[in-house]
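Engineer: Could you have a look at this structure, given as structure tokens, before my questions?
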Amino acid sequence: MKNILKSTLVLLSVLVAFTSCDNASSKSNSGALSSSAAEKVYVAPGEHDEFYAFISGGFSGQLSVYGLPSGRLFKVIPVFSQDAEKAYGYNEETKPMLNTSHGFVPWDDAHHPDISQTNGVVDGRWVFINGNNTPRIAKIDLSTFETTEIIEVPNSAGNHSSSFVTENSEYVVAGTRFSVPIPQKDMPIKDYKGNFKGSLSFISIDPEHGHMDIKFQLIMPGFDYDLSHPGRGKSHGWFFFTTYNTEEASTLMEVNASQNDKDFIAAVNWKKIEEYVNNGGGTMMPANYAHNVYDEATHSATSTMKKEVRIVNPLDVPGAVYFLPTPKSPHGCDVDPTGEYIVGNGKLSANLTVHSFTKMLNAIENNKVAGDAYGIPILNFEDVLAGVVEQPGLGPLHTEFDGKGNAYTTFFISSEVVKWKLGTWEVVDRQPCYYSVGHLMIPGGNSQKPFGKYVVAMNKITKDRYLPTGPEVTQSAQLYDISGEKMELLLDFPTVGEPHYAAGCPADLVKPRSKKLFKLEDNKHPYATLNEADAKVVRDGKTVHVYMTTIRSHFAPDNIEGIKVGDKVYFHITNLEQDYDVPHGVSMIGANTSELLIMPGQTETFLWEPKQIGVWPFYCTDFCSALHQEMQGYVRVSPANSNTPLKWSLGEDIE
Ligand code: RUQ
Ligand code: CUA
């Protein structure tokens, strides 16, 4: 068996190589050459795109914002990684956003963005995204395009079956990829089987502010929970998770976790568990996890360590969890817009398996159980099967839907997007990807109402598609028109990091809510300076607070004396501008941090610890006016034991 598997894997690798070469050599007749393709992606200068696409950065830790159909990049929103451009994770205000139970963790692996929903339709209020490595879920506010909340997920590892939102944004769900000892403890790895557990976390979302709170964690058998999606429509109230490594192996996973003919999709009736929890069910377990919230009024984040979490044993809620057998280490777990079909994308399976929600309910009702895994009932494969897409391609990963009865599945190994029909399971079209596609996205994908005009394929391998840039080449997205019977490739565009999924929505949902500036009168930052006349410098022992303002084209104050080597100097800078798109920047020679980029009405702080005596300049880093280059100042630094008096000024010489 092992040998057969090994040779299968070798064969698959050969196929990858073969497919890529084949694609490369036939490149001349595969591109989007027709002028109609060019027209379809052309957004004239000054015009706006029809859709926003929020594309995850994978190992960049960030989320990038693109326009569709143009493929133009508008912004990279820092989420889990420090970003010197925006001072995220560098300034004093946002450092707490990256706090965790492991301390300050300035990077993560950001995978699956998902937009909040109302009544099963994307509403354009927030984007949620998971950090895999140090398990976290972040929320981005689409009025400011800033990360405003991050909650760490305890009892989790490789937070991958995340972060998908239920149809009224009741929950954002985060499942563990790696099972671990719960609670963590020092134990031999070989005792994994039966002892490690997998947690599935249901994080409630406050309907008004979007605040996240872990409502409960379901403590499941020690499988790997790979991906997930909520039920919708008729299946609203359920959540589905693919599993692999139902073998519970802990080593040489490529072989040992590929033994079972079928793994499972776990079907979780979260409504039932919610009711159980609301009636006092579950147990509080000691835990330690960070909850970081950015407050728009103070322009500052706070980090709170939470000390317990509610856990639920699935066996305590009969009828809440079932396993649906699904062939061969399924990856994507995708639910169609009606909520009837659950697609398990078996990575090593020749066919694509689709389960039926109605049949699942029937099987449960008639108590047709084939066995159990750690007490959780396993339903019969045949009893829940809706249909099979026969031999659609090699290495299926993810499926999206157009809302018109069609599904689109990516195949990593055969490097293509395959369109097939829900219900008849026939393949109706296939288009090559350049190369080795992972995720794909149709705007409104995870909802009852996809906007089935375009699909974006996110490809892992780029090779010859762009000008070479040394050994590291960009990952690539490809845009296809799916409004007709056949898909049409329109555009290649490079991405930031390695996208794993994206979320999209009509631009009109987001545009009217987008903030233009922060009102000065709403600024509650404790170190804000709302008037130039109030600018000052205050010494408190070795700590100095500079209350500084900016307005075109000067800093107030712009001359400071009396700073000493060894001081900790906090520059709290308020941008007094009240116009759209007039940020000011500031940087200080020798500061061991990044610049600040301060939006109109905002206050931000950086720390400077001068190490050398002298007169040191600072300047504005954002070209803000014709006299931007004049926007500069000096700080005089004296020896630690000097008694140079503390002075500050603007427009007069310090005597
Ligand atoms: S998942 S393609 Cu498939 Cu996170 Cu990356
Ligand atoms: Cu302010 Cu340049």
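Residues are referred to by chain and number: the chain letter is A, B, ... according to the order shown in the structure tokens, the number counts from 1 in that chain, and ligands are numbered separately from 1 in the order shown.
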Return as a ChimeraX atom specification the residues of protein, DNA or RNA that approach ligand 1 to within 9 Å, with only C-alpha atoms and all ligand atoms taken into account.
Structural biologist: /A:58,110-112,132,160-162,226-227,331-332,397-398,412,437-440,458-460,498-501
Engineer: Suppose we keep C-alpha atoms; can you now write the selection as a CSV table (one decimal), in the first residue's frame?
Structural biologist:
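Resulting contents of again29.csv:
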```csv
chain,number,residue,atom,x,y,z
A,58,GLY,CA,-0.2,34.5,2.5
A,110,ALA,CA,-2.7,35.3,6.2
A,111,HIS,CA,-4.9,33.0,4.2
A,112,HIS,CA,-8.7,33.4,3.7
A,132,ASN,CA,-2.3,30.6,10.5
A,160,HIS,CA,-6.4,27.1,8.6
A,161,SER,CA,-10.1,26.2,8.4
A,162,SER,CA,-10.8,29.8,9.0
A,226,ASP,CA,-8.3,21.8,6.6
A,227,LEU,CA,-11.0,24.2,5.3
A,331,HIS,CA,-8.9,20.3,0.9
A,332,GLY,CA,-11.6,22.8,0.0
A,397,LEU,CA,-8.4,22.3,-4.4
A,398,HIS,CA,-11.2,24.8,-4.2
A,412,PHE,CA,-3.5,22.3,-9.0
A,437,VAL,CA,-3.7,27.3,-9.5
A,438,GLY,CA,-4.6,27.2,-5.8
A,439,HIS,CA,-7.6,29.3,-4.8
A,440,LEU,CA,-10.1,31.0,-7.0
A,458,MET,CA,-4.6,32.6,-7.9
A,459,ASN,CA,-1.6,30.8,-9.2
A,460,LYS,CA,1.3,29.4,-7.3
A,498,GLU,CA,1.1,34.3,-2.0
A,499,PRO,CA,-2.6,34.7,-2.2
A,500,HIS,CA,-4.7,32.0,-0.6
A,501,TYR,CA,-8.2,33.0,-1.4
```
Engineer: Would you name the residues within 12 Å of ligand 2, counting only C-alpha atoms and all ligand atoms, and put them as a PDB file with N, CA and C atoms, in the first residue's frame?
Structural biologist:
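Output contents, as saved in result-v2.pdb:
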```
ATOM      1  N   THR A 549       2.359  69.345  16.043  1.00  0.00           N
ATOM      2  CA  THR A 549       1.301  69.373  15.023  1.00  0.00           C
ATOM      3  C   THR A 549       1.921  69.533  13.638  1.00  0.00           C
ATOM      4  N   THR A 550       1.135  69.155  12.625  1.00  0.00           N
ATOM      5  CA  THR A 550       1.544  69.373  11.241  1.00  0.00           C
ATOM      6  C   THR A 550       0.413  70.039  10.500  1.00  0.00           C
ATOM      7  N   ILE A 551       0.785  70.984   9.654  1.00  0.00           N
ATOM      8  CA  ILE A 551      -0.161  71.536   8.683  1.00  0.00           C
ATOM      9  C   ILE A 551       0.699  72.105   7.572  1.00  0.00           C
ATOM     10  N   ARG A 552       0.173  72.119   6.341  1.00  0.00           N
ATOM     11  CA  ARG A 552       0.999  72.585   5.229  1.00  0.00           C
ATOM     12  C   ARG A 552       1.535  73.980   5.495  1.00  0.00           C
ATOM     13  N   SER A 553       2.848  74.212   5.541  1.00  0.00           N
ATOM     14  CA  SER A 553       3.904  73.216   5.340  1.00  0.00           C
ATOM     15  C   SER A 553       4.934  73.346   6.466  1.00  0.00           C
ATOM     16  N   HIS A 554       4.482  73.084   7.688  1.00  0.00           N
ATOM     17  CA  HIS A 554       5.433  73.130   8.805  1.00  0.00           C
ATOM     18  C   HIS A 554       5.021  72.226   9.958  1.00  0.00           C
ATOM     19  N   PHE A 555       6.004  71.927  10.753  1.00  0.00           N
ATOM     20  CA  PHE A 555       5.776  71.268  12.035  1.00  0.00           C
ATOM     21  C   PHE A 555       5.749  72.343  13.114  1.00  0.00           C
ATOM     22  N   ALA A 556       4.947  72.133  14.159  1.00  0.00           N
ATOM     23  CA  ALA A 556       5.024  73.016  15.325  1.00  0.00           C
ATOM     24  C   ALA A 556       5.203  72.147  16.568  1.00  0.00           C
ATOM     25  N   ILE A 573       2.372  63.168  17.196  1.00  0.00           N
ATOM     26  CA  ILE A 573       2.142  64.130  16.123  1.00  0.00           C
ATOM     27  C   ILE A 573       0.694  64.093  15.659  1.00  0.00           C
ATOM     28  N   THR A 574       0.071  65.262  15.716  1.00  0.00           N
ATOM     29  CA  THR A 574      -1.312  65.383  15.260  1.00  0.00           C
ATOM     30  C   THR A 574      -1.324  66.117  13.927  1.00  0.00           C
ATOM     31  N   ASN A 575      -1.964  65.512  12.951  1.00  0.00           N
ATOM     32  CA  ASN A 575      -2.112  66.151  11.648  1.00  0.00           C
ATOM     33  C   ASN A 575      -3.379  67.007  11.677  1.00  0.00           C
ATOM     34  N   LEU A 576      -3.196  68.327  11.671  1.00  0.00           N
ATOM     35  CA  LEU A 576      -4.334  69.253  11.799  1.00  0.00           C
ATOM     36  C   LEU A 576      -5.138  69.424  10.511  1.00  0.00           C
ATOM     37  N   GLU A 577      -4.659  68.848   9.410  1.00  0.00           N
ATOM     38  CA  GLU A 577      -5.379  68.997   8.145  1.00  0.00           C
ATOM     39  C   GLU A 577      -6.785  68.423   8.264  1.00  0.00           C
ATOM     40  N   ASP A 581      -7.107  63.294   1.633  1.00  0.00           N
ATOM     41  CA  ASP A 581      -5.857  62.921   0.965  1.00  0.00           C
ATOM     42  C   ASP A 581      -4.715  63.907   1.226  1.00  0.00           C
ATOM     43  N   VAL A 582      -4.633  64.433   2.458  1.00  0.00           N
ATOM     44  CA  VAL A 582      -3.469  65.246   2.818  1.00  0.00           C
ATOM     45  C   VAL A 582      -2.798  64.691   4.076  1.00  0.00           C
ATOM     46  N   PRO A 583      -2.186  63.516   3.956  1.00  0.00           N
ATOM     47  CA  PRO A 583      -1.411  63.045   5.099  1.00  0.00           C
ATOM     48  C   PRO A 583      -0.101  63.822   5.183  1.00  0.00           C
ATOM     49  N   HIS A 584       0.494  63.836   6.364  1.00  0.00           N
ATOM     50  CA  HIS A 584       1.891  64.239   6.488  1.00  0.00           C
ATOM     51  C   HIS A 584       2.660  63.062   7.058  1.00  0.00           C
ATOM     52  N   GLY A 585       3.938  63.037   6.725  1.00  0.00           N
ATOM     53  CA  GLY A 585       4.788  61.993   7.278  1.00  0.00           C
ATOM     54  C   GLY A 585       5.804  62.639   8.184  1.00  0.00           C
ATOM     55  N   VAL A 586       6.499  61.837   8.945  1.00  0.00           N
ATOM     56  CA  VAL A 586       7.609  62.383   9.724  1.00  0.00           C
ATOM     57  C   VAL A 586       8.631  61.285   9.966  1.00  0.00           C
ATOM     58  N   SER A 587       9.893  61.674   9.875  1.00  0.00           N
ATOM     59  CA  SER A 587      10.950  60.721  10.191  1.00  0.00           C
ATOM     60  C   SER A 587      12.068  61.477  10.877  1.00  0.00           C
ATOM     61  N   LEU A 596       6.307  57.891  10.397  1.00  0.00           N
ATOM     62  CA  LEU A 596       4.869  57.867  10.625  1.00  0.00           C
ATOM     63  C   LEU A 596       4.199  58.412   9.375  1.00  0.00           C
ATOM     64  N   LEU A 597       3.013  57.946   9.099  1.00  0.00           N
ATOM     65  CA  LEU A 597       2.217  58.528   8.020  1.00  0.00           C
ATOM     66  C   LEU A 597       0.867  58.844   8.645  1.00  0.00           C
ATOM     67  N   ILE A 598       0.630  60.140   8.887  1.00  0.00           N
ATOM     68  CA  ILE A 598      -0.488  60.534   9.745  1.00  0.00           C
ATOM     69  C   ILE A 598      -1.610  61.094   8.885  1.00  0.00           C
ATOM     70  N   MET A 599      -2.782  60.480   8.994  1.00  0.00           N
ATOM     71  CA  MET A 599      -3.930  60.915   8.199  1.00  0.00           C
ATOM     72  C   MET A 599      -4.513  62.197   8.803  1.00  0.00           C
ATOM     73  N   PRO A 600      -5.240  62.976   8.006  1.00  0.00           N
ATOM     74  CA  PRO A 600      -5.851  64.200   8.520  1.00  0.00           C
ATOM     75  C   PRO A 600      -6.698  63.930   9.769  1.00  0.00           C
ATOM     76  N   PHE A 618      14.693  66.490  11.339  1.00  0.00           N
ATOM     77  CA  PHE A 618      13.564  65.615  10.997  1.00  0.00           C
ATOM     78  C   PHE A 618      12.819  66.272   9.842  1.00  0.00           C
ATOM     79  N   TYR A 619      12.028  65.489   9.131  1.00  0.00           N
ATOM     80  CA  TYR A 619      11.339  66.063   7.968  1.00  0.00           C
ATOM     81  C   TYR A 619      10.085  65.284   7.638  1.00  0.00           C
ATOM     82  N   CYS A 620       9.262  65.925   6.811  1.00  0.00           N
ATOM     83  CA  CYS A 620       8.023  65.292   6.342  1.00  0.00           C
ATOM     84  C   CYS A 620       8.351  64.338   5.198  1.00  0.00           C
ATOM     85  N   THR A 621       7.788  63.126   5.273  1.00  0.00           N
ATOM     86  CA  THR A 621       8.120  62.089   4.291  1.00  0.00           C
ATOM     87  C   THR A 621       7.081  61.949   3.189  1.00  0.00           C
ATOM     88  N   ASP A 622       5.988  62.702   3.256  1.00  0.00           N
ATOM     89  CA  ASP A 622       4.927  62.563   2.260  1.00  0.00           C
ATOM     90  C   ASP A 622       4.809  63.886   1.504  1.00  0.00           C
ATOM     91  N   PHE A 623       4.953  63.848   0.202  1.00  0.00           N
ATOM     92  CA  PHE A 623       4.986  65.085  -0.581  1.00  0.00           C
ATOM     93  C   PHE A 623       3.622  65.782  -0.527  1.00  0.00           C
ATOM     94  N   CYS A 624       3.509  66.787   0.358  1.00  0.00           N
ATOM     95  CA  CYS A 624       2.195  67.294   0.741  1.00  0.00           C
ATOM     96  C   CYS A 624       1.835  68.636   0.119  1.00  0.00           C
ATOM     97  N   SER A 625       2.811  69.370  -0.375  1.00  0.00           N
ATOM     98  CA  SER A 625       2.509  70.684  -0.963  1.00  0.00           C
ATOM     99  C   SER A 625       3.732  71.129  -1.751  1.00  0.00           C
ATOM    100  N   ALA A 626       3.597  72.271  -2.402  1.00  0.00           N
ATOM    101  CA  ALA A 626       4.734  72.809  -3.156  1.00  0.00           C
ATOM    102  C   ALA A 626       5.914  73.093  -2.221  1.00  0.00           C
ATOM    103  N   LEU A 627       5.616  73.313  -0.949  1.00  0.00           N
ATOM    104  CA  LEU A 627       6.674  73.605   0.024  1.00  0.00           C
ATOM    105  C   LEU A 627       6.933  72.416   0.951  1.00  0.00           C
ATOM    106  N   HIS A 628       6.597  71.224   0.438  1.00  0.00           N
ATOM    107  CA  HIS A 628       6.871  70.002   1.199  1.00  0.00           C
ATOM    108  C   HIS A 628       8.344  69.914   1.600  1.00  0.00           C
ATOM    109  N   GLN A 629       9.201  70.308   0.678  1.00  0.00           N
ATOM    110  CA  GLN A 629      10.632  70.162   0.928  1.00  0.00           C
ATOM    111  C   GLN A 629      11.098  71.112   2.040  1.00  0.00           C
ATOM    112  N   GLU A 630      10.294  72.126   2.338  1.00  0.00           N
ATOM    113  CA  GLU A 630      10.604  73.050   3.444  1.00  0.00           C
ATOM    114  C   GLU A 630      10.079  72.514   4.771  1.00  0.00           C
ATOM    115  N   MET A 631       9.338  71.424   4.724  1.00  0.00           N
ATOM    116  CA  MET A 631       8.691  70.921   5.941  1.00  0.00           C
ATOM    117  C   MET A 631       9.713  70.098   6.716  1.00  0.00           C
ATOM    118  N   GLN A 632      10.444  70.756   7.575  1.00  0.00           N
ATOM    119  CA  GLN A 632      11.581  70.145   8.247  1.00  0.00           C
ATOM    120  C   GLN A 632      11.818  70.843   9.575  1.00  0.00           C
ATOM    121  N   GLY A 633      12.674  70.273  10.425  1.00  0.00           N
ATOM    122  CA  GLY A 633      12.974  70.883  11.713  1.00  0.00           C
ATOM    123  C   GLY A 633      14.252  70.297  12.303  1.00  0.00           C
TER     124      GLY A 633
END
```
Engineer: Assign secondary structure with DSSP using the backbone only, and return the residues of region 443-569 of chain A in strand (DSSP E) as an MDAnalysis selection string.
Structural biologist: chainID A and resid 454:459 476:481 488:494 502:506 536:540 543:551 554:556 559:564 568:569
Engineer: Where does region 292-351 of chain A meet region 383-388 of chain A within 9 Å, residue by residue, with the nearest atom pair and distance in Å to one decimal for each, counting only C-alpha atoms, listed by chain and rising number, as CSV?
Structural biologist:
```
residue,atom,partner,partner_atom,distance
A:Leu324,CA,A:Val384,CA,7.2
A:Pro325,CA,A:Val384,CA,8.7
A:Tyr341,CA,A:Ala386,CA,7.4
A:Ile342,CA,A:Ala386,CA,8.8
A:Asn351,CA,A:Val388,CA,6.5
```
Engineer: Pull C-alpha atoms from the residues just selected and write them as a PDB file, in the first residue's frame.
Structural biologist:
```
ATOM      1  CA  LEU A 324     -19.590  12.548   6.205  1.00  0.00           C
ATOM      2  CA  PRO A 325     -17.077  10.180   4.564  1.00  0.00           C
ATOM      3  CA  TYR A 341     -24.495  20.999  -1.977  1.00  0.00           C
ATOM      4  CA  ILE A 342     -21.297  20.539  -0.032  1.00  0.00           C
ATOM      5  CA  ASN A 351     -13.350  12.434  -8.850  1.00  0.00           C
TER       6      ASN A 351
END
```
Engineer: Just the residues within 7 Å of Pro443 (chain A), please, counting only C-alpha atoms, with nothing from its chain fewer than 2 positions along; format it as a VMD selection string.
Structural biologist: chain A and resid 441 445 450 to 451 503 to 505
Engineer: One decimal, in Å: what's the spacing between CA of Glu93 (chain A) and CA of Asn531 (chain A)?
Structural biologist: 20.7 Å
Engineer: Measuring between only C-alpha atoms, which one of A:Lys139, A:Lys453, A:Lys515, A:His525 shows the shortest distance to Ser163 (chain A)?
Structural biologist: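 For Ser163 (chain A), the nearest of the candidates is A:Lys139.
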Engineer: Using Å and a single decimal, report how far CA of Pro432 (chain A) sits from CA of Leu490 (chain A).
Structural biologist: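 Going from CA of Leu490 (chain A) over to CA of Pro432 (chain A) covers 12.4 Å.
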Engineer: Would you pick out the contacts of Asp534 (chain A) at 12 Å or less, using only C-alpha atoms, so that residues sharing its chain but fewer than 5 positions from it are not included, and give the list as a list in words?
Structural biologist: Tyr527, Ala528, Thr529, Val546, Tyr547, Met548, Thr549, Ala556, Pro557, Thr574, Trp648, Ser649 and Leu650 of chain A
Engineer: Pick out the residues sitting within 8 Å of Thr118 (chain A), and hand them over as a tab-separated table (two decimals) with N, CA, C and O atoms, in the first residue's frame; count only C-alpha atoms, and ignore anything fewer than 4 positions along from it in its own chain.
Structural biologist:
```tsv
chain	number	residue	atom	x	y	z
A	122	VAL	N	-23.20	39.51	0.85
A	122	VAL	CA	-22.08	40.28	1.38
A	122	VAL	C	-22.52	41.74	1.57
A	122	VAL	O	-23.21	42.30	0.71
A	123	ASP	N	-22.11	42.34	2.71
A	123	ASP	CA	-22.60	43.69	3.00
A	123	ASP	C	-21.50	44.76	2.99
A	123	ASP	O	-21.78	45.94	3.18
A	167	GLU	N	-24.21	33.47	7.63
A	167	GLU	CA	-24.92	34.35	6.69
A	167	GLU	C	-25.50	35.63	7.28
A	167	GLU	O	-25.90	36.51	6.54
A	168	ASN	N	-25.53	35.75	8.59
A	168	ASN	CA	-25.84	37.06	9.17
A	168	ASN	C	-24.67	37.55	10.01
A	168	ASN	O	-24.87	38.30	10.98
A	169	SER	N	-23.50	37.11	9.68
A	169	SER	CA	-22.29	37.46	10.44
A	169	SER	C	-22.47	37.16	11.93
A	169	SER	O	-21.93	37.87	12.77
```
Engineer: For Glu485 (chain A), list every protein, DNA or RNA residue within 10 Å, evaluated using only C-alpha atoms, and leave out those in the same chain fewer than 5 positions away; present the list as JSON, numbers by chain.
Structural biologist: {"A": [419, 428, 429]}
Engineer: Rank A:Ser329, A:Leu352, A:Asn592, A:Ile482 by their smallest atom-to-atom distance to Lys404 (chain A), using only C-alpha atoms, and report the top residue only.
Structural biologist: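 Of A:Ser329, A:Leu352, A:Asn592, A:Ile482, the one nearest Lys404 (chain A), counting only C-alpha atoms, is A:Ile482.
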Engineer: Would you mind listing what lies within 12 Å of Ser36 (chain A) as JSON, numbers by chain, with only C-alpha atoms counted and same-chain residues fewer than 5 positions away left out?
Structural biologist: {"A": [41, 42, 481, 488, 489, 490, 491]}
Engineer: With distances taken over only C-alpha atoms, which of A:Glu561, A:Asp540, A:Asp206, A:Glu532 is nearest to Val615 (chain A)?
Structural biologist: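 Answer, going by the shortest atom-to-atom distance: A:Glu561.
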Engineer: Apply DSSP to the structure's backbone, then extract all residues of region 456-625 of chain A labelled alpha helix (DSSP H) and return them as number ranges by chain.
Structural biologist: A: 507-510
